[in-house]
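Notes follow once the structure below has been shown.
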Amino acid sequence: MGARSAKKTPAVHRYGDDPAQFGELSRPDGESRGTVVIIHGGFWRARYDLSLGRPLAADLAARGYTAWNLEYRRAGAGGGWPATFQDVAAGIDLLATLPADSSRVVAVGHSAGGQLAAWAAGRAGLPPGAPGAPGPGFTAVTGVVAQAGVLALADCAREHVGGTAAPDLMGGGPDERPEEYRLADPIAAVPIAAPVLCLHSRGDANVPFSYSERYVAAATAAGGTARLVELHGDHFTLIDPAAPDWAEVIAALPGLLTA
């Protein structure tokens with residue numbers, strides 16, 4: 001199905017009182033083909049917001065999907081550990097109350113959003129009382145597309161990818177806060193029940209290709225379902241609806257929503 005012009009204004013729904021605790025729901029004109037959560041990147045920093053995901057949400061709605069473009073508190077603006085993670089969990093759980101099918105949900109996350117998407121898909125394995133652990137109204141993420149995802153969070157901190165982005169998010173480095181990183185780092189949570197598709201380019205100058213390689217190797221060795229597709233653009237072609245890299249997301253969605 002080719003994309004058509006999206007004419008509807010997304011509906012804003014709130015999951016908390018903070019200005020950043022909301023999402024934008026874009027619905028197709030006809031019957032929905034499934035629900036996709038968009039989690040934007042920006043190294044979890046406050047200056048980046050869900051406007052990065054709006055073109056993707058519009059494209060998905062035009063192709064027949066329900067898109068939930070999720071905002072969350074970021075580091076430097078009330079976010080960080082555990083607030084950012086609690087927000088992502090609460091925002092996804094809100095889907096159960098919205099005009100969307102919450103029985104099968106694919107999370108598409110770019111860069112830092114890829115870390116949050118993979119983390120959200122592993123929430124069922126979190127210990128009781130941990131930030132984001134399932135509670136009443138839990139909505140499972142049943143598939144993930146990690147677009148140049150920061151899937152090795154402790155490595156991100158140790159290797160200074162994004163400067164101090166990971167320590168700023170977590171309130172310190174992995175040697176200072178090992179338990180927090182264990183709960184937040186996708187590579188530490190493998191295997192998870194949801195299949196994870198990693199899309200990444202070796203030419204990515206922002207997030208190392210090796211993070212997707214390491215994650216897929218760890219996940220499959222642990223018995224999980226994960227695969228890596230090497231792309232040939234850069235960090236930002238992944239969130240350009242006109243680019244071949246975004247077409248890889250579109251091609252993967254039907255299988256992830258029925259797996």
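Here, A, B, ... name the chains of the structure tokens in the order displayed, residue numbers run from 1 inside each chain, and ligands are numbered from 1 in the same displayed order.
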Quick one: residues within 12 Å of Phe209 of chain A, only C-alpha atoms counted, chain neighbours fewer than 3 positions away excluded, as a PyMOL selection string?
chain A and resi 111+146-152+161+198-206+212-216+228-235
At most 7 Å is the cut-off: for each residue in segment 74-105 of chain A with any atom that close to an atom of segment 125-133 of chain A, write down the nearest atom pair and the distance in Å rounded to one decimal, counting only C-alpha atoms, chain first then increasing number, as JSON lines.
```
{"residue": "A:Pro82", "atom": "CA", "partner": "A:Pro131", "partner_atom": "CA", "distance": 6.1}
{"residue": "A:Phe85", "atom": "CA", "partner": "A:Gly132", "partner_atom": "CA", "distance": 6.2}
{"residue": "A:Gln86", "atom": "CA", "partner": "A:Gly132", "partner_atom": "CA", "distance": 5.2}
{"residue": "A:Ala89", "atom": "CA", "partner": "A:Gly132", "partner_atom": "CA", "distance": 5.3}
```
Please write the residues from the selection above to a file, keeping all heavy atoms, as a PDB file, in the first residue's frame.
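Final output, part.pdb:
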```
ATOM      1  N   PRO A  82      14.614   7.535  37.485  1.00  0.00           N
ATOM      2  CA  PRO A  82      13.797   6.577  36.733  1.00  0.00           C
ATOM      3  C   PRO A  82      12.685   7.223  35.909  1.00  0.00           C
ATOM      4  O   PRO A  82      11.900   6.523  35.269  1.00  0.00           O
ATOM      5  CB  PRO A  82      13.189   5.728  37.849  1.00  0.00           C
ATOM      6  CG  PRO A  82      12.959   6.735  38.959  1.00  0.00           C
ATOM      7  CD  PRO A  82      14.121   7.701  38.880  1.00  0.00           C
ATOM      8  N   PHE A  85      11.987   6.369  32.171  1.00  0.00           N
ATOM      9  CA  PHE A  85      11.527   4.997  31.979  1.00  0.00           C
ATOM     10  C   PHE A  85      10.083   4.834  32.458  1.00  0.00           C
ATOM     11  O   PHE A  85       9.272   4.153  31.811  1.00  0.00           O
ATOM     12  CB  PHE A  85      12.468   4.044  32.708  1.00  0.00           C
ATOM     13  CG  PHE A  85      13.866   4.089  32.160  1.00  0.00           C
ATOM     14  CD1 PHE A  85      14.765   5.075  32.581  1.00  0.00           C
ATOM     15  CD2 PHE A  85      14.281   3.188  31.204  1.00  0.00           C
ATOM     16  CE1 PHE A  85      16.040   5.135  32.054  1.00  0.00           C
ATOM     17  CE2 PHE A  85      15.564   3.235  30.673  1.00  0.00           C
ATOM     18  CZ  PHE A  85      16.443   4.221  31.098  1.00  0.00           C
ATOM     19  N   GLN A  86       9.754   5.449  33.563  1.00  0.00           N
ATOM     20  CA  GLN A  86       8.366   5.419  34.046  1.00  0.00           C
ATOM     21  C   GLN A  86       7.431   6.066  33.038  1.00  0.00           C
ATOM     22  O   GLN A  86       6.307   5.587  32.826  1.00  0.00           O
ATOM     23  CB  GLN A  86       8.281   6.125  35.395  1.00  0.00           C
ATOM     24  CG  GLN A  86       8.995   5.383  36.514  1.00  0.00           C
ATOM     25  CD  GLN A  86       9.158   6.208  37.776  1.00  0.00           C
ATOM     26  OE1 GLN A  86       9.288   7.433  37.725  1.00  0.00           O
ATOM     27  NE2 GLN A  86       9.144   5.555  38.937  1.00  0.00           N
ATOM     28  N   ALA A  89       6.865   3.724  30.006  1.00  0.00           N
ATOM     29  CA  ALA A  89       5.961   2.652  30.413  1.00  0.00           C
ATOM     30  C   ALA A  89       4.528   3.151  30.517  1.00  0.00           C
ATOM     31  O   ALA A  89       3.593   2.518  30.000  1.00  0.00           O
ATOM     32  CB  ALA A  89       6.418   2.060  31.748  1.00  0.00           C
TER      33      ALA A  89
END
```
Given the choices A:Glu180, A:Asp175, A:Asp87, A:Asp185, which gets closest to Ile39 of chain A if the distance is worked out from only C-alpha atoms?
A:Asp87
Within 12 Å of Val12 of chain A, counting only C-alpha atoms, which residues qualify if same-chain residues fewer than 3 places away don't, as a PyMOL selection string?
chain A and resi 9+15+19-27+67-71+91+94+98
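Take the candidates A:Pro174, A:Pro28, A:Gly143, A:Pro134 and check each one against Arg158 of chain A using only C-alpha atoms; the shortest distance goes to A:Pro174.
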I want to know what sits within 6 Å of segment 29-37 of chain A, based on only C-alpha atoms, with residues of the same chain fewer than 2 positions away left out; could you give that as an MDAnalysis selection string?
chainID A and resid 64:69 105:108
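When only C-alpha atoms are used to measure the gap to Asp168 of chain A, the shortest distance among A:Thr84, A:Thr258, A:Thr142, A:Thr220 belongs to A:Thr84.
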All helix (DSSP H, G or I) residues (DSSP, backbone) inside segment 50-120 of chain A, as a PyMOL selection string:
chain A and resi 50-62+83-97+112-120
Pick from A:Gly109, A:Lys8, A:Ala259, A:Gln115 nearest to Asp59 of chain A, counting only C-alpha atoms
A:Lys8
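Atom CA of Ala61 of chain A to atom CA of His13 of chain A spans 16.8 Å [interatomic distance, one decimal].
The shortest atom-to-atom distance to Ile192 of chain A, with only C-alpha atoms taken into account, belongs to A:Trp119 out of A:Trp119, A:Phe43, A:Phe138, A:Tyr72.
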